[in-house]
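Enquirer: The structure follows.
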Amino acid sequence: MKQKACKICSRVFEGEKCPACGSKESTDSFKGKTIILNSEKSEIAKRLNIKEKGVYAIKTK
Ligand SMILES: [Zn+2]
């Protein structure tokens, strides 16, 4: 299945809805992926307002 990124929280996922925030708003055009393991220590996580570990898109359109 094709990967897509959540428009709300940028989580990269496959399937119907975002496992992180439950949104169905998603896009398959996103740039870059980053794995957030420790959101409290990650600058990217702070910037994207990520609080849960997982794979996230750097930029969504
Ligand atoms: Zn989401």
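By order in the structure tokens, chains are A, B, ...; within a chain, residues start at 1; ligands start at 1, following the order shown.
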So which bits of chain A end up helix (DSSP H, G or I) when you DSSP the backbone, as a PDB file with C-alpha atoms, in the first residue's frame?

Expert:
ATOM      1  CA  GLU A  43      14.242  19.651  17.364  1.00  0.00           C
ATOM      2  CA  ILE A  44      12.214  18.458  14.404  1.00  0.00           C
ATOM      3  CA  ALA A  45       9.586  17.036  16.714  1.00  0.00           C
ATOM      4  CA  LYS A  46       9.308  20.360  18.497  1.00  0.00           C
ATOM      5  CA  ARG A  47       9.031  22.211  15.228  1.00  0.00           C
ATOM      6  CA  LEU A  48       6.324  19.885  13.939  1.00  0.00           C
TER       7      LEU A  48
END

Enquirer: May I have the residues within 8 Å of Ser39 (chain A) as a count of residues only, using only C-alpha atoms and disregarding those fewer than 2 positions away in the same chain?

Expert: 10

Enquirer: Would you return as a list in words the members of region 8-61 of chain A that DSSP assigns to strand (DSSP E or B) on this structure's backbone?

Expert: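 Residues meeting the strand (DSSP E or B) criterion: Arg11, Val12, Phe13, Ser26, Thr27, Phe30, Lys31, Gly32, Lys33, Thr34, Ile35, Ile36, Gly54, Val55, Tyr56, Ala57, Ile58, Lys59 and Thr60 of chain A.
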
Enquirer: Please identify all polymer residues within 10 Å of Met1 (chain A), counting only C-alpha atoms, omitting same-chain residues fewer than 3 positions from it, and present them as a VMD selection string.

Expert: chain A and resid 4 13 to 15

Enquirer: Could you please extract the residues within 9 Å of ligand 1, counting only C-alpha atoms and all ligand atoms, and hand them back as an NGL selection string?

Expert: :A and (5-13 or 17-26)
